[in-house]
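Reproduced below: target_32.txt, with compact mmCIF, N, CA and C atoms.
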```txt
# COMPACT_ATOMS: atom_id res chain seq x y z
N MET X 1186 76.52 35.17 -24.13
CA MET X 1186 75.25 35.39 -23.43
C MET X 1186 75.48 35.80 -21.99
N ARG X 1187 76.61 35.34 -21.42
CA ARG X 1187 76.93 35.72 -20.04
C ARG X 1187 77.00 37.24 -19.90
N ASP X 1188 77.56 37.89 -20.95
CA ASP X 1188 77.67 39.35 -20.91
C ASP X 1188 76.29 40.00 -20.84
N HIS X 1189 75.32 39.42 -21.56
CA HIS X 1189 73.96 39.96 -21.54
C HIS X 1189 73.34 39.80 -20.15
N MET X 1190 73.54 38.64 -19.53
CA MET X 1190 73.02 38.43 -18.17
C MET X 1190 73.68 39.41 -17.21
N GLN X 1191 74.98 39.63 -17.37
CA GLN X 1191 75.69 40.57 -16.51
C GLN X 1191 75.15 41.98 -16.70
N GLU X 1192 74.85 42.35 -17.95
CA GLU X 1192 74.28 43.67 -18.22
C GLU X 1192 72.94 43.85 -17.53
N LEU X 1193 72.09 42.82 -17.57
CA LEU X 1193 70.79 42.89 -16.91
C LEU X 1193 70.95 43.04 -15.40
N MET X 1194 71.91 42.33 -14.83
CA MET X 1194 72.16 42.44 -13.39
C MET X 1194 72.70 43.82 -13.05
N ASP X 1195 73.62 44.33 -13.87
CA ASP X 1195 74.17 45.67 -13.63
C ASP X 1195 73.08 46.74 -13.72
N ASP X 1196 72.16 46.56 -14.67
CA ASP X 1196 71.04 47.50 -14.82
C ASP X 1196 70.18 47.49 -13.56
N TYR X 1197 69.89 46.31 -13.05
CA TYR X 1197 69.09 46.18 -11.82
C TYR X 1197 69.79 46.87 -10.65
N LEU X 1198 71.09 46.63 -10.52
CA LEU X 1198 71.83 47.25 -9.41
C LEU X 1198 71.87 48.77 -9.55
N MET X 1199 71.93 49.26 -10.78
CA MET X 1199 71.91 50.71 -11.01
C MET X 1199 70.56 51.29 -10.58
N VAL X 1200 69.49 50.58 -10.90
CA VAL X 1200 68.15 51.03 -10.48
C VAL X 1200 68.07 51.07 -8.96
N LEU X 1201 68.61 50.06 -8.31
CA LEU X 1201 68.60 50.04 -6.84
C LEU X 1201 69.37 51.23 -6.27
N GLN X 1202 70.49 51.53 -6.90
CA GLN X 1202 71.32 52.63 -6.40
C GLN X 1202 70.66 53.98 -6.63
N VAL X 1203 70.18 54.21 -7.84
CA VAL X 1203 69.66 55.52 -8.22
C VAL X 1203 68.24 55.76 -7.70
N GLU X 1204 67.35 54.81 -7.97
CA GLU X 1204 65.95 55.01 -7.65
C GLU X 1204 65.59 54.64 -6.23
N SER X 1205 66.25 53.62 -5.69
CA SER X 1205 65.90 53.16 -4.35
C SER X 1205 66.85 53.67 -3.28
N GLY X 1206 67.98 54.22 -3.69
CA GLY X 1206 68.93 54.76 -2.74
C GLY X 1206 69.54 53.71 -1.82
N CYS X 1207 69.76 52.52 -2.35
CA CYS X 1207 70.37 51.45 -1.53
C CYS X 1207 71.76 51.86 -1.07
N ALA X 1208 72.12 51.43 0.11
CA ALA X 1208 73.43 51.70 0.65
C ALA X 1208 74.50 50.96 -0.16
N ALA X 1209 75.70 51.51 -0.16
CA ALA X 1209 76.80 50.91 -0.91
C ALA X 1209 77.07 49.48 -0.49
N ASN X 1210 77.01 49.22 0.82
CA ASN X 1210 77.25 47.86 1.31
C ASN X 1210 76.20 46.88 0.81
N THR X 1211 74.96 47.33 0.73
CA THR X 1211 73.88 46.49 0.21
C THR X 1211 74.13 46.16 -1.25
N LEU X 1212 74.53 47.16 -2.02
CA LEU X 1212 74.80 46.93 -3.44
C LEU X 1212 75.96 45.96 -3.64
N VAL X 1213 77.00 46.09 -2.83
CA VAL X 1213 78.14 45.17 -2.92
C VAL X 1213 77.68 43.74 -2.61
N ALA X 1214 76.89 43.59 -1.56
CA ALA X 1214 76.39 42.26 -1.18
C ALA X 1214 75.47 41.70 -2.25
N TYR X 1215 74.57 42.52 -2.80
CA TYR X 1215 73.66 42.05 -3.85
C TYR X 1215 74.45 41.64 -5.10
N ARG X 1216 75.47 42.42 -5.44
CA ARG X 1216 76.29 42.09 -6.61
C ARG X 1216 76.94 40.72 -6.40
N ARG X 1217 77.47 40.49 -5.22
CA ARG X 1217 78.09 39.20 -4.90
C ARG X 1217 77.05 38.08 -4.96
N ASP X 1218 75.85 38.34 -4.45
CA ASP X 1218 74.79 37.34 -4.46
C ASP X 1218 74.33 37.02 -5.88
N LEU X 1219 74.17 38.04 -6.70
CA LEU X 1219 73.75 37.83 -8.08
C LEU X 1219 74.84 37.11 -8.87
N ARG X 1220 76.08 37.35 -8.51
CA ARG X 1220 77.21 36.66 -9.14
C ARG X 1220 77.12 35.15 -8.87
N LYS X 1221 76.64 34.78 -7.68
CA LYS X 1221 76.46 33.36 -7.37
C LYS X 1221 75.50 32.71 -8.36
N LEU X 1222 74.41 33.42 -8.68
CA LEU X 1222 73.45 32.89 -9.64
C LEU X 1222 74.09 32.81 -11.03
N LEU X 1223 74.80 33.85 -11.42
CA LEU X 1223 75.44 33.87 -12.73
C LEU X 1223 76.46 32.73 -12.85
N ASP X 1224 77.26 32.53 -11.82
CA ASP X 1224 78.25 31.45 -11.82
C ASP X 1224 77.57 30.09 -11.88
N PHE X 1225 76.47 29.94 -11.14
CA PHE X 1225 75.72 28.68 -11.16
C PHE X 1225 75.16 28.42 -12.56
N PHE X 1226 74.59 29.46 -13.17
CA PHE X 1226 74.05 29.30 -14.52
C PHE X 1226 75.15 28.89 -15.50
N GLN X 1227 76.31 29.51 -15.38
CA GLN X 1227 77.42 29.17 -16.28
C GLN X 1227 77.82 27.71 -16.08
N GLN X 1228 77.90 27.28 -14.83
CA GLN X 1228 78.26 25.90 -14.51
C GLN X 1228 77.25 24.92 -15.11
N GLU X 1229 75.97 25.31 -15.11
CA GLU X 1229 74.91 24.43 -15.60
C GLU X 1229 74.62 24.60 -17.09
N GLY X 1230 75.33 25.51 -17.75
CA GLY X 1230 75.13 25.72 -19.17
C GLY X 1230 73.90 26.55 -19.52
N VAL X 1231 73.37 27.28 -18.54
CA VAL X 1231 72.21 28.13 -18.78
C VAL X 1231 72.70 29.45 -19.35
N THR X 1232 72.09 29.89 -20.45
CA THR X 1232 72.58 31.08 -21.14
C THR X 1232 71.65 32.28 -21.06
N ASP X 1233 70.51 32.11 -20.37
CA ASP X 1233 69.54 33.19 -20.33
C ASP X 1233 68.85 33.20 -18.97
N LEU X 1234 68.68 34.37 -18.38
CA LEU X 1234 68.03 34.47 -17.08
C LEU X 1234 66.60 33.94 -17.13
N GLN X 1235 65.96 34.02 -18.27
CA GLN X 1235 64.59 33.55 -18.41
C GLN X 1235 64.49 32.03 -18.52
N SER X 1236 65.63 31.35 -18.54
CA SER X 1236 65.64 29.89 -18.66
C SER X 1236 65.53 29.16 -17.32
N LEU X 1237 65.32 29.91 -16.27
CA LEU X 1237 65.24 29.31 -14.94
C LEU X 1237 64.00 28.42 -14.85
N THR X 1238 64.21 27.19 -14.38
CA THR X 1238 63.11 26.26 -14.17
C THR X 1238 63.03 25.93 -12.68
N LYS X 1239 61.92 25.35 -12.28
CA LYS X 1239 61.75 24.97 -10.87
C LYS X 1239 62.85 23.99 -10.42
N PRO X 1240 63.14 22.93 -11.19
CA PRO X 1240 64.21 22.01 -10.76
C PRO X 1240 65.58 22.70 -10.68
N LEU X 1241 65.85 23.61 -11.62
CA LEU X 1241 67.13 24.33 -11.58
C LEU X 1241 67.19 25.25 -10.36
N TRP X 1242 66.07 25.88 -10.04
CA TRP X 1242 65.99 26.77 -8.87
C TRP X 1242 66.23 25.97 -7.59
N ILE X 1243 65.63 24.80 -7.50
CA ILE X 1243 65.83 23.95 -6.32
C ILE X 1243 67.28 23.52 -6.22
N GLN X 1244 67.88 23.21 -7.36
CA GLN X 1244 69.29 22.82 -7.37
C GLN X 1244 70.16 24.00 -6.92
N PHE X 1245 69.83 25.20 -7.36
CA PHE X 1245 70.59 26.39 -6.94
C PHE X 1245 70.46 26.60 -5.43
N LEU X 1246 69.24 26.48 -4.90
CA LEU X 1246 69.04 26.63 -3.46
C LEU X 1246 69.88 25.60 -2.70
N GLY X 1247 69.92 24.38 -3.20
CA GLY X 1247 70.73 23.34 -2.57
C GLY X 1247 72.20 23.68 -2.61
N SER X 1248 72.66 24.29 -3.69
CA SER X 1248 74.08 24.66 -3.79
C SER X 1248 74.43 25.76 -2.79
N LEU X 1249 73.48 26.68 -2.54
CA LEU X 1249 73.73 27.73 -1.55
C LEU X 1249 73.88 27.11 -0.17
N LYS X 1250 72.98 26.19 0.15
CA LYS X 1250 73.02 25.53 1.46
C LYS X 1250 74.30 24.73 1.61
N ALA X 1251 74.67 24.00 0.55
CA ALA X 1251 75.87 23.15 0.60
C ALA X 1251 77.15 23.97 0.70
N SER X 1252 77.10 25.22 0.27
CA SER X 1252 78.31 26.06 0.32
C SER X 1252 78.63 26.54 1.73
N GLY X 1253 77.71 26.28 2.67
CA GLY X 1253 77.97 26.65 4.05
C GLY X 1253 77.55 28.07 4.42
N LEU X 1254 76.81 28.72 3.54
CA LEU X 1254 76.33 30.08 3.86
C LEU X 1254 75.37 30.04 5.04
N SER X 1255 75.38 31.08 5.82
CA SER X 1255 74.42 31.18 6.93
C SER X 1255 73.03 31.41 6.37
N SER X 1256 72.02 31.15 7.18
CA SER X 1256 70.64 31.33 6.71
C SER X 1256 70.36 32.79 6.36
N SER X 1257 70.98 33.73 7.08
CA SER X 1257 70.75 35.15 6.76
C SER X 1257 71.41 35.52 5.43
N SER X 1258 72.56 34.93 5.12
CA SER X 1258 73.21 35.20 3.83
C SER X 1258 72.41 34.60 2.68
N ILE X 1259 71.86 33.41 2.90
CA ILE X 1259 71.02 32.79 1.87
C ILE X 1259 69.76 33.63 1.66
N ALA X 1260 69.16 34.09 2.74
CA ALA X 1260 67.95 34.92 2.63
C ALA X 1260 68.23 36.20 1.85
N ARG X 1261 69.37 36.83 2.12
CA ARG X 1261 69.73 38.06 1.39
C ARG X 1261 69.96 37.74 -0.08
N CYS X 1262 70.63 36.63 -0.37
CA CYS X 1262 70.87 36.21 -1.75
C CYS X 1262 69.55 36.01 -2.49
N LEU X 1263 68.61 35.34 -1.84
CA LEU X 1263 67.31 35.10 -2.46
C LEU X 1263 66.55 36.40 -2.67
N ALA X 1264 66.69 37.33 -1.72
CA ALA X 1264 66.03 38.64 -1.88
C ALA X 1264 66.60 39.38 -3.08
N ALA X 1265 67.90 39.32 -3.26
CA ALA X 1265 68.54 39.97 -4.41
C ALA X 1265 68.04 39.36 -5.71
N ILE X 1266 67.95 38.05 -5.75
CA ILE X 1266 67.51 37.37 -6.98
C ILE X 1266 66.03 37.63 -7.25
N ARG X 1267 65.20 37.57 -6.21
CA ARG X 1267 63.77 37.90 -6.39
C ARG X 1267 63.62 39.31 -6.94
N GLY X 1268 64.39 40.23 -6.38
CA GLY X 1268 64.34 41.62 -6.84
C GLY X 1268 64.75 41.75 -8.29
N LEU X 1269 65.80 41.03 -8.68
CA LEU X 1269 66.24 41.05 -10.07
C LEU X 1269 65.12 40.58 -10.99
N TYR X 1270 64.50 39.47 -10.64
CA TYR X 1270 63.44 38.93 -11.51
C TYR X 1270 62.20 39.82 -11.51
N LYS X 1271 61.90 40.48 -10.42
CA LYS X 1271 60.78 41.44 -10.41
C LYS X 1271 61.11 42.62 -11.33
N HIS X 1272 62.37 43.06 -11.26
CA HIS X 1272 62.82 44.15 -12.14
C HIS X 1272 62.69 43.74 -13.60
N LEU X 1273 63.11 42.51 -13.92
CA LEU X 1273 63.00 42.02 -15.30
C LEU X 1273 61.54 41.92 -15.73
N ALA X 1274 60.68 41.50 -14.81
CA ALA X 1274 59.25 41.39 -15.14
C ALA X 1274 58.68 42.76 -15.47
N MET X 1275 59.08 43.76 -14.69
CA MET X 1275 58.56 45.11 -14.92
C MET X 1275 59.15 45.72 -16.20
N SER X 1276 60.42 45.51 -16.44
CA SER X 1276 61.07 46.15 -17.59
C SER X 1276 60.89 45.38 -18.89
N GLN X 1277 60.69 44.05 -18.80
CA GLN X 1277 60.57 43.25 -20.02
C GLN X 1277 59.22 42.57 -20.16
N GLY X 1278 58.39 42.70 -19.15
CA GLY X 1278 57.04 42.15 -19.22
C GLY X 1278 56.94 40.65 -19.08
N SER X 1279 57.98 39.98 -18.64
CA SER X 1279 57.93 38.52 -18.48
C SER X 1279 57.67 38.16 -17.03
N ARG X 1280 56.60 37.41 -16.80
CA ARG X 1280 56.24 37.01 -15.45
C ARG X 1280 56.38 35.51 -15.23
N VAL X 1281 56.92 34.80 -16.18
CA VAL X 1281 57.04 33.35 -16.10
C VAL X 1281 57.85 32.93 -14.88
N ILE X 1282 58.91 33.62 -14.63
CA ILE X 1282 59.85 33.24 -13.57
C ILE X 1282 59.27 33.49 -12.18
N GLU X 1283 58.44 34.51 -12.03
CA GLU X 1283 57.93 34.85 -10.70
C GLU X 1283 57.24 33.66 -10.03
N GLY X 1284 56.55 32.83 -10.79
CA GLY X 1284 55.90 31.65 -10.22
C GLY X 1284 56.89 30.66 -9.66
N ILE X 1285 58.05 30.57 -10.30
CA ILE X 1285 59.10 29.66 -9.83
C ILE X 1285 59.66 30.15 -8.50
N LEU X 1286 59.80 31.45 -8.36
CA LEU X 1286 60.41 32.02 -7.16
C LEU X 1286 59.44 32.11 -5.99
N LYS X 1287 58.14 32.01 -6.27
CA LYS X 1287 57.15 32.10 -5.20
C LYS X 1287 57.34 30.95 -4.22
N GLY X 1288 57.22 31.27 -2.96
CA GLY X 1288 57.30 30.23 -1.94
C GLY X 1288 58.71 29.81 -1.59
N THR X 1289 59.71 30.51 -2.12
CA THR X 1289 61.08 30.16 -1.74
C THR X 1289 61.30 30.59 -0.30
N PRO X 1290 62.20 29.91 0.37
CA PRO X 1290 62.36 30.16 1.81
C PRO X 1290 62.78 31.59 2.13
N LYS X 1291 62.20 32.10 3.16
CA LYS X 1291 62.61 33.39 3.72
C LYS X 1291 63.53 33.07 4.89
N GLN X 1292 64.12 34.12 5.43
CA GLN X 1292 65.02 33.89 6.56
C GLN X 1292 64.23 33.37 7.75
N TRP X 1293 64.76 32.35 8.37
CA TRP X 1293 64.10 31.78 9.54
C TRP X 1293 64.26 32.71 10.72
N ALA X 1294 63.20 32.83 11.51
CA ALA X 1294 63.30 33.58 12.75
C ALA X 1294 64.09 32.72 13.74
N GLN X 1295 65.02 33.33 14.41
CA GLN X 1295 65.81 32.58 15.36
C GLN X 1295 65.14 32.61 16.72
N LEU X 1296 65.13 31.48 17.37
CA LEU X 1296 64.57 31.41 18.70
C LEU X 1296 65.52 32.06 19.69
N PRO X 1297 64.99 32.69 20.72
CA PRO X 1297 65.87 33.31 21.71
C PRO X 1297 66.62 32.23 22.49
N LYS X 1298 67.79 32.61 22.95
CA LYS X 1298 68.55 31.69 23.78
C LYS X 1298 67.87 31.59 25.15
N LEU X 1299 67.87 30.42 25.69
CA LEU X 1299 67.28 30.22 27.01
C LEU X 1299 68.27 30.61 28.09
N LEU X 1300 67.73 31.12 29.17
CA LEU X 1300 68.58 31.45 30.31
C LEU X 1300 68.86 30.18 31.11
N SER X 1301 70.06 30.16 31.65
CA SER X 1301 70.39 29.02 32.51
C SER X 1301 69.70 29.21 33.86
N GLU X 1302 69.66 28.15 34.65
CA GLU X 1302 69.04 28.24 35.97
C GLU X 1302 69.74 29.29 36.82
N ALA X 1303 71.05 29.35 36.75
CA ALA X 1303 71.81 30.33 37.52
C ALA X 1303 71.45 31.76 37.11
N GLU X 1304 71.28 31.99 35.81
CA GLU X 1304 70.91 33.32 35.33
C GLU X 1304 69.51 33.71 35.79
N ILE X 1305 68.61 32.76 35.79
CA ILE X 1305 67.24 33.02 36.26
C ILE X 1305 67.26 33.38 37.74
N LEU X 1306 68.00 32.62 38.55
CA LEU X 1306 68.09 32.90 39.99
C LEU X 1306 68.71 34.27 40.23
N ARG X 1307 69.72 34.60 39.45
CA ARG X 1307 70.36 35.91 39.61
C ARG X 1307 69.37 37.02 39.30
N LEU X 1308 68.55 36.85 38.26
CA LEU X 1308 67.53 37.85 37.94
C LEU X 1308 66.48 37.96 39.04
N LEU X 1309 66.06 36.83 39.57
CA LEU X 1309 65.05 36.83 40.63
C LEU X 1309 65.56 37.48 41.91
N ASN X 1310 66.85 37.43 42.13
CA ASN X 1310 67.44 37.99 43.34
C ASN X 1310 67.84 39.46 43.21
N LEU X 1311 67.60 40.05 42.05
CA LEU X 1311 67.91 41.47 41.88
C LEU X 1311 66.97 42.30 42.76
N PRO X 1312 67.48 43.41 43.27
CA PRO X 1312 66.60 44.26 44.10
C PRO X 1312 65.52 44.90 43.22
N VAL X 1313 64.35 45.05 43.82
CA VAL X 1313 63.20 45.64 43.13
C VAL X 1313 63.28 47.15 43.28
N ARG X 1314 63.13 47.85 42.17
CA ARG X 1314 63.12 49.33 42.24
C ARG X 1314 61.70 49.81 42.12
N ASP X 1315 61.39 50.86 42.85
CA ASP X 1315 60.05 51.45 42.76
C ASP X 1315 59.99 52.57 41.79
```

Entire entry expressed as structure tokens:
Amino acid sequence: MRDHMQELMDDYLMVLQVESGCAANTLVAYRRDLRKLLDFFQQEGVTDLQSLTKPLWIQFLGSLKASGLSSSSIARCLAAIRGLYKHLAMSQGSRVIEGILKGTPKQWAQLPKLLSEAEILRLLNLPVRD
């Protein structure tokens, strides 16, 4: 069954390459991200992409966080997986999984770094140009 899941992922990546014109680096990253899901499914004994449940999804999200990935890498991984399931919904007509993926975390906006007092004073002391 793993081969079938791999075929579905390869099909999705081919669609991204041909129809969406995704960059090669994006495709490599998405392939790596989708492989994380495939490896997780194998570890958990899941044999079908349509077998994803809310508890399993939460467990997968926890495994991504525990692996030490940055928030931007996790966000990209989730985008790849959401895209795969949207592709499956369109090509196979199954929308069961989309409800599970709804509301999953997006990449957090990072707050700007604060200037130190010395940096603020240096800015205030810059000459004014007209």

query: Separation of atom C of X:Phe1245 and atom CA of X:Ala1214, in Å?
result: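 Separation of atom C of X:Phe1245 and atom CA of X:Ala1214: 17.3 Å.
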
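Residues lying at most 8 Å from (72.6, 49.3, -4.3) in file coordinates, with all atoms listed in the file considered, are Tyr1197, Leu1198, Met1199, Val1200, Leu1201, Gln1202, Val1203, Ser1205, Gly1206, Cys1207, Ala1208, Ala1209, Asn1210, Thr1211, Leu1212, Val1213, Ala1214, Tyr1215 and Arg1216 of chain X.
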
task: Please measure the separation of atom CA of X:Gln1228 and atom C of X:Leu1193, giving the value in Å to one decimal.
output: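 According to the coordinates, atom CA of X:Gln1228 and atom C of X:Leu1193 are separated by 18.7 Å.
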
Hey, can I get the axis-aligned box for stretch 1300-1307 of chain X? All listed atoms, 3 Å padding on each side, centre and edge lengths in Å to one decimal, as JSON.
```
{"center_x": 69.5, "center_y": 32.6, "center_z": 34.7, "size_x": 10.6, "size_y": 14.9, "size_z": 17.1}
```

task: Record the distance separating atom N of X:Leu1237 and atom CA of X:Tyr1270, expressed in Å with one decimal.
output: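 Computing it gives 10.4 Å between the two atoms.
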
message: Let's see if you can do this: from backbone DSSP, list all helix (DSSP H, G or I) residues in chain X, as JSON, numbers by chain.
response: {"X": [1187, 1188, 1189, 1190, 1191, 1192, 1193, 1194, 1195, 1196, 1197, 1198, 1199, 1200, 1201, 1202, 1203, 1209, 1210, 1211, 1212, 1213, 1214, 1215, 1216, 1217, 1218, 1219, 1220, 1221, 1222, 1223, 1224, 1225, 1226, 1227, 1228, 1229, 1234, 1235, 1236, 1239, 1240, 1241, 1242, 1243, 1244, 1245, 1246, 1247, 1248, 1249, 1250, 1251, 1256, 1257, 1258, 1259, 1260, 1261, 1262, 1263, 1264, 1265, 1266, 1267, 1268, 1269, 1270, 1271, 1272, 1273, 1274, 1275, 1276, 1277, 1281, 1282, 1283, 1284, 1285, 1286, 1302, 1303, 1304, 1305, 1306, 1307, 1308, 1309]}

- prompt: Which one of X:Asp1224, X:Glu1302, X:Glu1204, X:Asp1218 sits closest to X:Ala1265 if you count only C-alpha atoms?
  reply: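 For X:Ala1265, the nearest of the given residues is X:Asp1218.
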
- request: Return the single residue from X:Gln1235, X:Glu1192, X:Arg1217, X:Glu1229 that is closest to X:Ala1274, with distances computed using only C-alpha atoms.
  value: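 Checking each candidate against X:Ala1274, we get X:Gln1235 as the closest.
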
Output requested as a PDB file, in the frame of the given file - stretch 1199-1209 of chain X, filled out with all heavy atoms.
```pdb
ATOM      1  N   MET X1199      71.930  49.260 -10.780  1.00  0.00           N
ATOM      2  CA  MET X1199      71.910  50.710 -11.010  1.00  0.00           C
ATOM      3  C   MET X1199      70.560  51.290 -10.580  1.00  0.00           C
ATOM      4  O   MET X1199      70.495  52.346  -9.951  1.00  0.00           O
ATOM      5  CB  MET X1199      72.189  51.023 -12.484  1.00  0.00           C
ATOM      6  CG  MET X1199      72.209  52.510 -12.790  1.00  0.00           C
ATOM      7  SD  MET X1199      73.523  53.403 -11.931  1.00  0.00           S
ATOM      8  CE  MET X1199      74.948  52.773 -12.773  1.00  0.00           C
ATOM      9  N   VAL X1200      69.490  50.580 -10.900  1.00  0.00           N
ATOM     10  CA  VAL X1200      68.150  51.030 -10.480  1.00  0.00           C
ATOM     11  C   VAL X1200      68.070  51.070  -8.960  1.00  0.00           C
ATOM     12  O   VAL X1200      67.543  52.029  -8.379  1.00  0.00           O
ATOM     13  CB  VAL X1200      67.053  50.109 -11.077  1.00  0.00           C
ATOM     14  CG1 VAL X1200      65.709  50.351 -10.419  1.00  0.00           C
ATOM     15  CG2 VAL X1200      66.964  50.303 -12.578  1.00  0.00           C
ATOM     16  N   LEU X1201      68.610  50.060  -8.310  1.00  0.00           N
ATOM     17  CA  LEU X1201      68.600  50.040  -6.840  1.00  0.00           C
ATOM     18  C   LEU X1201      69.370  51.230  -6.270  1.00  0.00           C
ATOM     19  O   LEU X1201      68.947  51.851  -5.307  1.00  0.00           O
ATOM     20  CB  LEU X1201      69.216  48.742  -6.306  1.00  0.00           C
ATOM     21  CG  LEU X1201      68.378  47.485  -6.407  1.00  0.00           C
ATOM     22  CD1 LEU X1201      69.157  46.300  -5.848  1.00  0.00           C
ATOM     23  CD2 LEU X1201      67.064  47.639  -5.665  1.00  0.00           C
ATOM     24  N   GLN X1202      70.490  51.530  -6.900  1.00  0.00           N
ATOM     25  CA  GLN X1202      71.320  52.630  -6.400  1.00  0.00           C
ATOM     26  C   GLN X1202      70.660  53.980  -6.630  1.00  0.00           C
ATOM     27  O   GLN X1202      70.552  54.791  -5.717  1.00  0.00           O
ATOM     28  CB  GLN X1202      72.683  52.603  -7.092  1.00  0.00           C
ATOM     29  CG  GLN X1202      73.618  53.700  -6.637  1.00  0.00           C
ATOM     30  CD  GLN X1202      74.952  53.643  -7.357  1.00  0.00           C
ATOM     31  OE1 GLN X1202      75.122  52.946  -8.358  1.00  0.00           O
ATOM     32  NE2 GLN X1202      75.909  54.376  -6.846  1.00  0.00           N
ATOM     33  N   VAL X1203      70.180  54.210  -7.840  1.00  0.00           N
ATOM     34  CA  VAL X1203      69.660  55.520  -8.220  1.00  0.00           C
ATOM     35  C   VAL X1203      68.240  55.760  -7.700  1.00  0.00           C
ATOM     36  O   VAL X1203      67.960  56.770  -7.081  1.00  0.00           O
ATOM     37  CB  VAL X1203      69.732  55.716  -9.750  1.00  0.00           C
ATOM     38  CG1 VAL X1203      69.058  56.995 -10.176  1.00  0.00           C
ATOM     39  CG2 VAL X1203      71.175  55.677 -10.224  1.00  0.00           C
ATOM     40  N   GLU X1204      67.350  54.810  -7.970  1.00  0.00           N
ATOM     41  CA  GLU X1204      65.950  55.010  -7.650  1.00  0.00           C
ATOM     42  C   GLU X1204      65.590  54.640  -6.230  1.00  0.00           C
ATOM     43  O   GLU X1204      64.715  55.245  -5.631  1.00  0.00           O
ATOM     44  CB  GLU X1204      65.073  54.238  -8.639  1.00  0.00           C
ATOM     45  CG  GLU X1204      65.182  54.766 -10.056  1.00  0.00           C
ATOM     46  CD  GLU X1204      64.323  54.005 -11.041  1.00  0.00           C
ATOM     47  OE1 GLU X1204      63.443  53.246 -10.606  1.00  0.00           O
ATOM     48  OE2 GLU X1204      64.545  54.180 -12.251  1.00  0.00           O
ATOM     49  N   SER X1205      66.250  53.620  -5.690  1.00  0.00           N
ATOM     50  CA  SER X1205      65.900  53.160  -4.350  1.00  0.00           C
ATOM     51  C   SER X1205      66.850  53.670  -3.280  1.00  0.00           C
ATOM     52  O   SER X1205      66.563  53.544  -2.100  1.00  0.00           O
ATOM     53  CB  SER X1205      65.875  51.620  -4.313  1.00  0.00           C
ATOM     54  OG  SER X1205      64.953  51.121  -5.245  1.00  0.00           O
ATOM     55  N   GLY X1206      67.980  54.220  -3.690  1.00  0.00           N
ATOM     56  CA  GLY X1206      68.930  54.760  -2.740  1.00  0.00           C
ATOM     57  C   GLY X1206      69.540  53.710  -1.820  1.00  0.00           C
ATOM     58  O   GLY X1206      69.797  53.986  -0.656  1.00  0.00           O
ATOM     59  N   CYS X1207      69.760  52.520  -2.350  1.00  0.00           N
ATOM     60  CA  CYS X1207      70.370  51.450  -1.530  1.00  0.00           C
ATOM     61  C   CYS X1207      71.760  51.860  -1.070  1.00  0.00           C
ATOM     62  O   CYS X1207      72.496  52.535  -1.797  1.00  0.00           O
ATOM     63  CB  CYS X1207      70.467  50.158  -2.332  1.00  0.00           C
ATOM     64  SG  CYS X1207      68.968  49.205  -2.319  1.00  0.00           S
ATOM     65  N   ALA X1208      72.120  51.430   0.110  1.00  0.00           N
ATOM     66  CA  ALA X1208      73.430  51.700   0.650  1.00  0.00           C
ATOM     67  C   ALA X1208      74.500  50.960  -0.160  1.00  0.00           C
ATOM     68  O   ALA X1208      74.237  49.911  -0.752  1.00  0.00           O
ATOM     69  CB  ALA X1208      73.491  51.248   2.112  1.00  0.00           C
ATOM     70  N   ALA X1209      75.700  51.510  -0.160  1.00  0.00           N
ATOM     71  CA  ALA X1209      76.800  50.910  -0.910  1.00  0.00           C
ATOM     72  C   ALA X1209      77.070  49.480  -0.490  1.00  0.00           C
ATOM     73  O   ALA X1209      77.307  48.604  -1.324  1.00  0.00           O
ATOM     74  CB  ALA X1209      78.054  51.764  -0.757  1.00  0.00           C
TER      75      ALA X1209
END
```
